[in-house]
Structures are given as structure tokens and as C-alpha cells.
Amino acid sequence: MCGGDAVEINQLVAFLAVADELHFGRAAERLHVAQPPLSRTIKQLETELGSRLLDRTTRSVKLTSSGRALIGPATEVLEALRRAEDAVRSADGGESGLVRIAFAGVSTHQLVARLARLVRSQRPGIQLDLSSQNFAQPAMTKLVQGDTDIAFGRWDVIPAEVASKVVSRDSLVIALPDTHRLAGARRLAIVQLAAEGFVSLPSYEGAVLPDRLRRLARDNGFVPSIVQVAPDTQTALALVSAEVGCHLTLASVAVNATDPHIVFIPLDDTTADVDLRAAWRRNDTNPAVKAVLHEVMNLDEAFRIQPSYE
């Protein structure tokens, strides 16, 4: 067959209607068009394809071998077009697309897992790209630089171009080995630990827990003795279990800890909050990001807002 101009979608629609009905009148009614324009459309298609598709008489319409051969490809083209239209509508409505999420710390893992399950069940067209960080500041840096779409963490400073919302309330606790003299206390004041050695996380810029330890100690007139710096929370807790020192951590970490040789005791002292936040760029127009944020805000209230650990 010799090709002419590009075949148009309306020509394939017209052909499939006639091929199905094998009657120009019924096909015209089905397409809500007059019969003469429908006949012209079929003739144009035959001209462009360089082959007769239908044998017509005053009494019947039959498919030629070329016509029968065209049915499958024409159907596939229209189905592909339908899928493309559905994909565009889905993307515009936030029902499909890729959303990158950066999260920091052990205490965020359960929330992120819950969110992933919720998105998979409620918005299966959205794919989540999850990136775990040891600390919150790298997650914020990725967000500001456009390398992630949503970040979960704890920050004292939120850049002006970033919006945030608390998604889980949290509080400070002290992790002690179960052999410690204060292990049986129901609550503690930080001053009771002034003479103790602390296992600390690294004092990176924006690191919340080392900052809270310094603030609490300063407000109570002492400088904390750091006996070991651990690279992450899991290592810090392992050092506590080994009786290397005590560790200032989060109630949400305590809830998920499983080491029987560690006890977690709430602090009476208060300082700047340690609540978990979701953060996103204010100018982000990606509908899929907005859809995932909607699911973040609709996580079960009992899950989102952690009670103080007791």
C-alpha cells in the first residue's frame, strides 16, 4: 500500500463503526453523523492507505482482506489514545505520577510505612520514591534544592519557601540501661543527670536532639559530659544497652524500641518542641504531591499525634 497524508483518529473511528455494523446507515446513527460525510470519511481513509477496505453494493457492505487486517491495529490505536487521555486526566487530578519523599530518623519509619500503605490503597497510580536520611537537615536541603518533594523531620528553622505542618506530636525521654540507679523512676528532671555521661548524636547543623541536650543542660547550670558520639539512633541505643551512657531521645523512638535492657523515662523539663513535621515547597504545583499531602493530613488522628511516652 502506498501512504498518503497521516491517518486521522476520526477516520479510524468511522471505519470501526462501519466494520462493526456492516451498514453505513446504522454506523452513521451510532456516530451521530449524516451518512454522506461518513462515506466521504471512509473514502478518504482508503485513499490515504492506498487500499480498498470495504466492498459496497446497494444491498450489502463487506470487509475486504485489507479491511479485516486494519481492524486490530485501528482498535489498538484508539485504545492507546484512550489510555493516554486517561493518564493525562489522572496526572492532572493527582491520581498518578512520582512523588519523592525524604525522611529522617527511626521515629519516622512507622509513619512513612503507614503513608505508603495508604497511598498504595487509595491512590494506586502514584509511585513513591522513599529516601531515608540519618538526620533531618539533609532532608530539608534536598527539599529546598528540588531533589525531593516532601520531607519528614524535625527542624527549628524552616526556610521561607517551604511550608510545613506538624504530623506527629512528640516529647523528650531519657534512655537508660536497666541497671542504672534511676531506671525505676517514673519521671526525671535533666538536672538529676548532671553527673552522668551521655551518648549523643553528631552535632550537625540543625540536629535537634544534640541541641535540646545543650539547651536543657545550660538552663540547669551544667555542661553535659559526652562520652560517646553515635552515628545514628540505633547505635546510640546499643551503646546505652551496653551501659556506655544515657541518651536523650524521643518518645516515638521509645515506643518502637525492643531492647529489654533499656528503659525510657519521660523528662519533666520542657524546651523547644520536637514534633515531627511534613514539609514541602510552597510553589510546588505537582498534583500528585498535593494528593499525597492530602493523605498525610488524613492519616488517622490516633496515629498522627503520638501521646507522651509513659
# chains A, B, ... in the order shown; residues from 1 in each chain; ligands from 1
$ residues_around --residues "Leu176 in chain A" --least-positions-apart "6" --cutoff "7 Å" --atoms "only C-alpha atoms" --output "compact mmCIF listing (two decimals) with N, CA and C atoms, in the first residue's frame"
# COMPACT_ATOMS: atom_id res chain seq x y z
N ALA A 183 16.79 3.85 86.96
CA ALA A 183 15.97 3.13 85.98
C ALA A 183 14.53 2.93 86.44
N VAL A 240 23.73 2.57 74.89
CA VAL A 240 23.02 2.66 76.18
C VAL A 240 22.85 1.26 76.76
N CYS A 246 23.91 7.41 79.14
CA CYS A 246 22.48 7.61 78.90
C CYS A 246 22.31 8.42 77.60
N HIS A 247 21.08 8.50 77.11
CA HIS A 247 20.87 9.12 75.81
C HIS A 247 19.54 9.86 75.81
N ILE A 262 16.97 -1.65 78.01
CA ILE A 262 16.88 -0.19 78.00
C ILE A 262 15.54 0.23 78.58
N VAL A 263 15.55 1.25 79.44
CA VAL A 263 14.31 1.85 79.94
C VAL A 263 14.26 3.29 79.44
N PHE A 264 13.06 3.77 79.22
CA PHE A 264 12.86 5.13 78.73
C PHE A 264 12.02 5.87 79.76
$ residues_around --residues "Ala242 in chain A" --least-positions-apart "5" --cutoff "9 Å" --atoms "only C-alpha atoms" --output "ChimeraX atom specification"
/A:177,237,261
$ closest_residue --among "A:Val289, A:Ala254, A:Val162, A:Gly50" --to "Asp129 in chain A" --atoms "only C-alpha atoms"
A:Val289
$ residues_around --residues "range 202-219 of chain A" --least-positions-apart "2" --cutoff "8 Å" --atoms "only C-alpha atoms" --output "PyMOL selection string"
chain A and resi 135-137+154-157+190-191+194+200+221-224+229-231+248-249+269+271-272+274
$ closest_residue --among "A:Met297, A:Val77, A:Val18, A:Ile101" --to "Trp280 in chain A" --atoms "only C-alpha atoms"
A:Ile101
$ atom_distance --atom1 "CA of Ala102 in chain A" --atom2 "CA of Gly153 in chain A"
8.7 Å
$ residues_around --residues "Lys142 in chain A" --least-positions-apart "3" --cutoff "12 Å" --atoms "only C-alpha atoms" --output "list in words"
Arg100, Ile101, Ala102, Phe103, Ala104, Ser131, Ser132, Gln133, Phe135, Ala136, Gln137, Pro138, Ala139, Gln145, Gly146, Asp147, Thr148, Asp149, Ile150, Ala151, Phe152, Val162, Ala279, Trp280 and Arg281 of chain A
$ select_by_dssp --residues "range 81-243 of chain A" --states "strand (DSSP E or B)" --output "ChimeraX atom specification"
/A:97-104,126-133,150-153,162-168,172-177,188,197-200,225-229
$ write_last_selection --atoms "N, CA and C atoms" --output "compact mmCIF listing (two decimals), in the first residue's frame"
# COMPACT_ATOMS: atom_id res chain seq x y z
N GLY A 97 1.63 9.59 38.98
CA GLY A 97 2.86 10.36 38.99
C GLY A 97 3.83 9.84 40.04
N LEU A 98 4.99 10.44 40.10
CA LEU A 98 6.04 10.07 41.04
C LEU A 98 6.17 11.15 42.10
N VAL A 99 6.18 10.74 43.36
CA VAL A 99 6.39 11.67 44.48
C VAL A 99 7.58 11.17 45.29
N ARG A 100 8.59 12.04 45.43
CA ARG A 100 9.81 11.69 46.16
C ARG A 100 9.66 12.14 47.61
N ILE A 101 9.96 11.23 48.54
CA ILE A 101 9.82 11.53 49.96
C ILE A 101 11.13 11.24 50.67
N ALA A 102 11.66 12.24 51.38
CA ALA A 102 12.85 12.06 52.20
C ALA A 102 12.42 12.11 53.66
N PHE A 103 12.91 11.19 54.46
CA PHE A 103 12.53 11.16 55.88
C PHE A 103 13.76 10.85 56.72
N ALA A 104 13.72 11.27 57.96
CA ALA A 104 14.92 11.19 58.79
C ALA A 104 14.60 10.55 60.14
N ILE A 126 -0.08 6.51 41.95
CA ILE A 126 1.05 7.32 42.41
C ILE A 126 2.16 6.42 42.92
N GLN A 127 3.35 6.65 42.44
CA GLN A 127 4.53 5.89 42.88
C GLN A 127 5.33 6.74 43.86
N LEU A 128 5.70 6.15 44.99
CA LEU A 128 6.51 6.84 45.99
C LEU A 128 7.97 6.41 45.87
N ASP A 129 8.86 7.39 45.83
CA ASP A 129 10.31 7.14 45.86
C ASP A 129 10.79 7.57 47.25
N LEU A 130 11.10 6.60 48.11
CA LEU A 130 11.41 6.86 49.50
C LEU A 130 12.92 6.91 49.72
N SER A 131 13.36 7.92 50.45
CA SER A 131 14.79 8.12 50.71
C SER A 131 15.00 8.38 52.20
N SER A 132 15.69 7.46 52.87
CA SER A 132 15.93 7.58 54.32
C SER A 132 17.23 8.33 54.58
N GLN A 133 17.16 9.31 55.48
CA GLN A 133 18.33 10.06 55.91
C GLN A 133 18.55 9.79 57.40
N ILE A 150 8.60 15.93 49.29
CA ILE A 150 8.08 16.03 50.66
C ILE A 150 9.16 15.53 51.59
N ALA A 151 9.35 16.21 52.71
CA ALA A 151 10.34 15.78 53.70
C ALA A 151 9.66 15.63 55.05
N PHE A 152 10.07 14.63 55.80
CA PHE A 152 9.61 14.45 57.17
C PHE A 152 10.81 14.60 58.09
N GLY A 153 10.66 15.43 59.12
CA GLY A 153 11.77 15.62 60.06
C GLY A 153 11.41 16.62 61.13
N VAL A 162 9.44 27.17 52.10
CA VAL A 162 8.95 25.85 52.49
C VAL A 162 7.76 25.99 53.44
N ALA A 163 6.71 25.21 53.19
CA ALA A 163 5.57 25.14 54.10
C ALA A 163 5.70 23.86 54.92
N SER A 164 5.17 23.86 56.13
CA SER A 164 5.26 22.66 56.96
C SER A 164 4.05 22.55 57.87
N LYS A 165 3.84 21.33 58.36
CA LYS A 165 2.73 21.07 59.28
C LYS A 165 3.13 19.93 60.20
N VAL A 166 2.80 20.08 61.48
CA VAL A 166 3.05 19.00 62.44
C VAL A 166 2.17 17.81 62.10
N VAL A 167 2.79 16.64 61.97
CA VAL A 167 2.03 15.43 61.67
C VAL A 167 2.09 14.44 62.83
N SER A 168 2.98 14.67 63.79
CA SER A 168 3.02 13.79 64.96
C SER A 168 3.63 14.52 66.13
N LEU A 172 10.46 14.52 74.76
CA LEU A 172 11.79 14.01 75.08
C LEU A 172 11.73 12.98 76.21
N VAL A 173 12.56 11.96 76.08
CA VAL A 173 12.72 10.96 77.12
C VAL A 173 14.21 10.67 77.28
N ILE A 174 14.57 10.09 78.41
CA ILE A 174 15.94 9.66 78.64
C ILE A 174 16.00 8.14 78.53
N ALA A 175 16.93 7.66 77.74
CA ALA A 175 17.17 6.22 77.64
C ALA A 175 18.29 5.85 78.60
N LEU A 176 18.00 4.89 79.47
CA LEU A 176 18.98 4.43 80.47
C LEU A 176 19.10 2.91 80.40
N PRO A 177 20.29 2.38 80.74
CA PRO A 177 20.37 0.92 80.88
C PRO A 177 19.51 0.48 82.06
N LEU A 188 11.88 12.11 85.26
CA LEU A 188 13.17 12.65 85.67
C LEU A 188 13.25 14.13 85.28
N GLY A 197 27.29 10.45 82.16
CA GLY A 197 27.86 10.52 80.82
C GLY A 197 26.76 10.30 79.79
N PHE A 198 26.79 11.07 78.71
CA PHE A 198 25.76 10.99 77.68
C PHE A 198 26.33 10.41 76.38
N VAL A 199 25.53 9.58 75.77
CA VAL A 199 25.76 9.19 74.37
C VAL A 199 24.97 10.17 73.52
N SER A 200 25.64 10.84 72.61
CA SER A 200 24.98 11.88 71.82
C SER A 200 25.03 11.54 70.33
N SER A 225 28.36 15.89 79.84
CA SER A 225 29.58 15.13 79.55
C SER A 225 29.26 14.11 78.44
N ILE A 226 29.81 14.34 77.26
CA ILE A 226 29.56 13.45 76.12
C ILE A 226 30.65 12.37 76.11
N VAL A 227 30.26 11.14 76.43
CA VAL A 227 31.24 10.05 76.50
C VAL A 227 31.37 9.32 75.17
N GLN A 228 30.37 9.46 74.31
CA GLN A 228 30.43 8.79 73.01
C GLN A 228 29.48 9.50 72.05
N VAL A 229 29.94 9.70 70.81
CA VAL A 229 29.07 10.22 69.76
C VAL A 229 28.71 9.06 68.84
$ residues_around --residues "Gln11 in chain A" --least-positions-apart "4" --cutoff "9 Å" --atoms "only C-alpha atoms" --output "PyMOL selection string"
chain A and resi 7+15-16+38+41-42+44-45
$ atom_distance --atom1 "CA of Glu21 in chain A" --atom2 "CA of Glu8 in chain A"
20.5 Å
$ decode --residues "range 247-283 of chain A" --atoms "N, CA, C and O atoms" --output "tab-separated table (two decimals), in the first residue's frame"
chain	number	residue	atom	x	y	z
A	247	HIS	N	21.08	8.50	77.11
A	247	HIS	CA	20.87	9.12	75.81
A	247	HIS	C	19.54	9.86	75.81
A	247	HIS	O	18.50	9.31	76.20
A	248	LEU	N	19.58	11.12	75.38
A	248	LEU	CA	18.35	11.91	75.23
A	248	LEU	C	17.74	11.57	73.88
A	248	LEU	O	18.39	11.72	72.83
A	249	THR	N	16.49	11.10	73.88
A	249	THR	CA	15.86	10.70	72.63
A	249	THR	C	14.38	11.08	72.66
A	249	THR	O	13.96	11.92	73.46
A	250	LEU	N	13.60	10.45	71.79
A	250	LEU	CA	12.21	10.84	71.58
A	250	LEU	C	11.25	9.77	72.09
A	250	LEU	O	11.54	8.57	72.05
A	251	ALA	N	10.09	10.21	72.51
A	251	ALA	CA	9.06	9.27	72.95
A	251	ALA	C	8.68	8.31	71.82
A	251	ALA	O	8.42	7.13	72.04
A	252	SER	N	8.68	8.81	70.57
A	252	SER	CA	8.33	7.96	69.44
A	252	SER	C	9.38	6.89	69.21
A	252	SER	O	9.06	5.79	68.74
A	253	VAL	N	10.64	7.16	69.53
A	253	VAL	CA	11.69	6.14	69.46
A	253	VAL	C	11.45	5.09	70.53
A	253	VAL	O	11.54	3.89	70.30
A	254	ALA	N	11.12	5.56	71.73
A	254	ALA	CA	10.88	4.64	72.85
A	254	ALA	C	9.73	3.68	72.56
A	254	ALA	O	9.81	2.49	72.88
A	255	VAL	N	8.67	4.20	71.94
A	255	VAL	CA	7.51	3.36	71.63
A	255	VAL	C	7.89	2.19	70.74
A	255	VAL	O	7.34	1.09	70.85
A	256	ASN	N	8.85	2.41	69.85
A	256	ASN	CA	9.21	1.38	68.87
A	256	ASN	C	10.46	0.58	69.26
A	256	ASN	O	10.85	-0.32	68.52
A	257	ALA	N	11.06	0.90	70.39
A	257	ALA	CA	12.28	0.18	70.81
A	257	ALA	C	11.93	-1.20	71.35
A	257	ALA	O	10.87	-1.40	71.96
A	258	THR	N	12.83	-2.15	71.15
A	258	THR	CA	12.57	-3.53	71.57
A	258	THR	C	13.63	-4.10	72.50
A	258	THR	O	13.48	-5.23	72.98
A	259	ASP	N	14.71	-3.35	72.76
A	259	ASP	CA	15.78	-3.87	73.61
A	259	ASP	C	15.30	-3.93	75.07
A	259	ASP	O	15.00	-2.89	75.67
A	260	PRO	N	15.25	-5.12	75.68
A	260	PRO	CA	14.74	-5.23	77.06
A	260	PRO	C	15.70	-4.64	78.10
A	260	PRO	O	15.32	-4.50	79.26
A	261	HIS	N	16.92	-4.33	77.70
A	261	HIS	CA	17.91	-3.81	78.65
A	261	HIS	C	17.94	-2.29	78.69
A	261	HIS	O	18.81	-1.70	79.32
A	262	ILE	N	16.97	-1.65	78.01
A	262	ILE	CA	16.88	-0.19	78.00
A	262	ILE	C	15.54	0.23	78.58
A	262	ILE	O	14.50	-0.37	78.25
A	263	VAL	N	15.55	1.25	79.44
A	263	VAL	CA	14.31	1.85	79.94
A	263	VAL	C	14.26	3.29	79.44
A	263	VAL	O	15.30	3.94	79.26
A	264	PHE	N	13.06	3.77	79.22
A	264	PHE	CA	12.86	5.13	78.73
A	264	PHE	C	12.02	5.87	79.76
A	264	PHE	O	10.91	5.43	80.11
A	265	ILE	N	12.52	7.01	80.21
A	265	ILE	CA	11.85	7.76	81.28
A	265	ILE	C	11.55	9.17	80.79
A	265	ILE	O	12.45	9.88	80.33
A	266	PRO	N	10.29	9.61	80.86
A	266	PRO	CA	9.93	10.95	80.41
A	266	PRO	C	10.64	12.02	81.23
A	266	PRO	O	10.91	11.84	82.42
A	267	LEU	N	10.90	13.16	80.59
A	267	LEU	CA	11.52	14.30	81.26
A	267	LEU	C	10.45	15.29	81.72
A	267	LEU	O	9.49	15.54	81.00
A	268	ASP	N	10.65	15.83	82.90
A	268	ASP	CA	9.78	16.90	83.36
A	268	ASP	C	10.11	18.22	82.66
A	268	ASP	O	9.25	19.09	82.52
A	269	ASP	N	11.36	18.36	82.25
A	269	ASP	CA	11.81	19.62	81.66
A	269	ASP	C	11.16	19.84	80.29
A	269	ASP	O	10.87	18.90	79.56
A	270	THR	N	10.93	21.11	79.98
A	270	THR	CA	10.40	21.46	78.67
A	270	THR	C	11.39	22.35	77.94
A	270	THR	O	12.14	23.11	78.56
A	271	THR	N	11.40	22.22	76.63
A	271	THR	CA	12.25	23.05	75.78
A	271	THR	C	11.52	23.19	74.45
A	271	THR	O	10.35	22.83	74.36
A	272	ALA	N	12.18	23.72	73.44
A	272	ALA	CA	11.53	23.86	72.13
A	272	ALA	C	11.01	22.50	71.67
A	272	ALA	O	11.58	21.45	71.98
A	273	ASP	N	9.92	22.52	70.89
A	273	ASP	CA	9.25	21.26	70.55
A	273	ASP	C	10.14	20.35	69.71
A	273	ASP	O	11.09	20.79	69.05
A	274	VAL	N	9.80	19.07	69.74
A	274	VAL	CA	10.49	18.07	68.94
A	274	VAL	C	9.47	17.33	68.07
A	274	VAL	O	9.64	16.16	67.74
A	275	ASP	N	8.40	18.03	67.71
A	275	ASP	CA	7.34	17.40	66.92
A	275	ASP	C	7.82	17.08	65.51
A	275	ASP	O	8.66	17.78	64.93
A	276	LEU	N	7.26	16.01	64.95
A	276	LEU	CA	7.59	15.61	63.59
A	276	LEU	C	6.74	16.42	62.61
A	276	LEU	O	5.53	16.54	62.78
A	277	ARG	N	7.41	16.95	61.60
A	277	ARG	CA	6.72	17.78	60.62
A	277	ARG	C	6.84	17.19	59.22
A	277	ARG	O	7.83	16.52	58.89
A	278	ALA	N	5.82	17.45	58.41
A	278	ALA	CA	5.91	17.25	56.97
A	278	ALA	C	6.21	18.61	56.36
A	278	ALA	O	5.65	19.63	56.78
A	279	ALA	N	7.12	18.65	55.39
A	279	ALA	CA	7.49	19.92	54.75
A	279	ALA	C	7.46	19.75	53.24
A	279	ALA	O	7.76	18.67	52.71
A	280	TRP	N	7.10	20.82	52.54
A	280	TRP	CA	7.03	20.80	51.08
A	280	TRP	C	7.25	22.21	50.56
A	280	TRP	O	7.09	23.19	51.29
A	281	ARG	N	7.64	22.33	49.31
A	281	ARG	CA	7.86	23.64	48.70
A	281	ARG	C	6.53	24.34	48.44
A	281	ARG	O	5.61	23.75	47.88
A	282	ARG	N	6.46	25.60	48.83
A	282	ARG	CA	5.20	26.34	48.67
A	282	ARG	C	4.78	26.48	47.20
A	282	ARG	O	3.60	26.52	46.90
A	283	ASN	N	5.75	26.55	46.30
A	283	ASN	CA	5.42	26.78	44.89
A	283	ASN	C	5.28	25.50	44.09
A	283	ASN	O	5.22	25.53	42.85
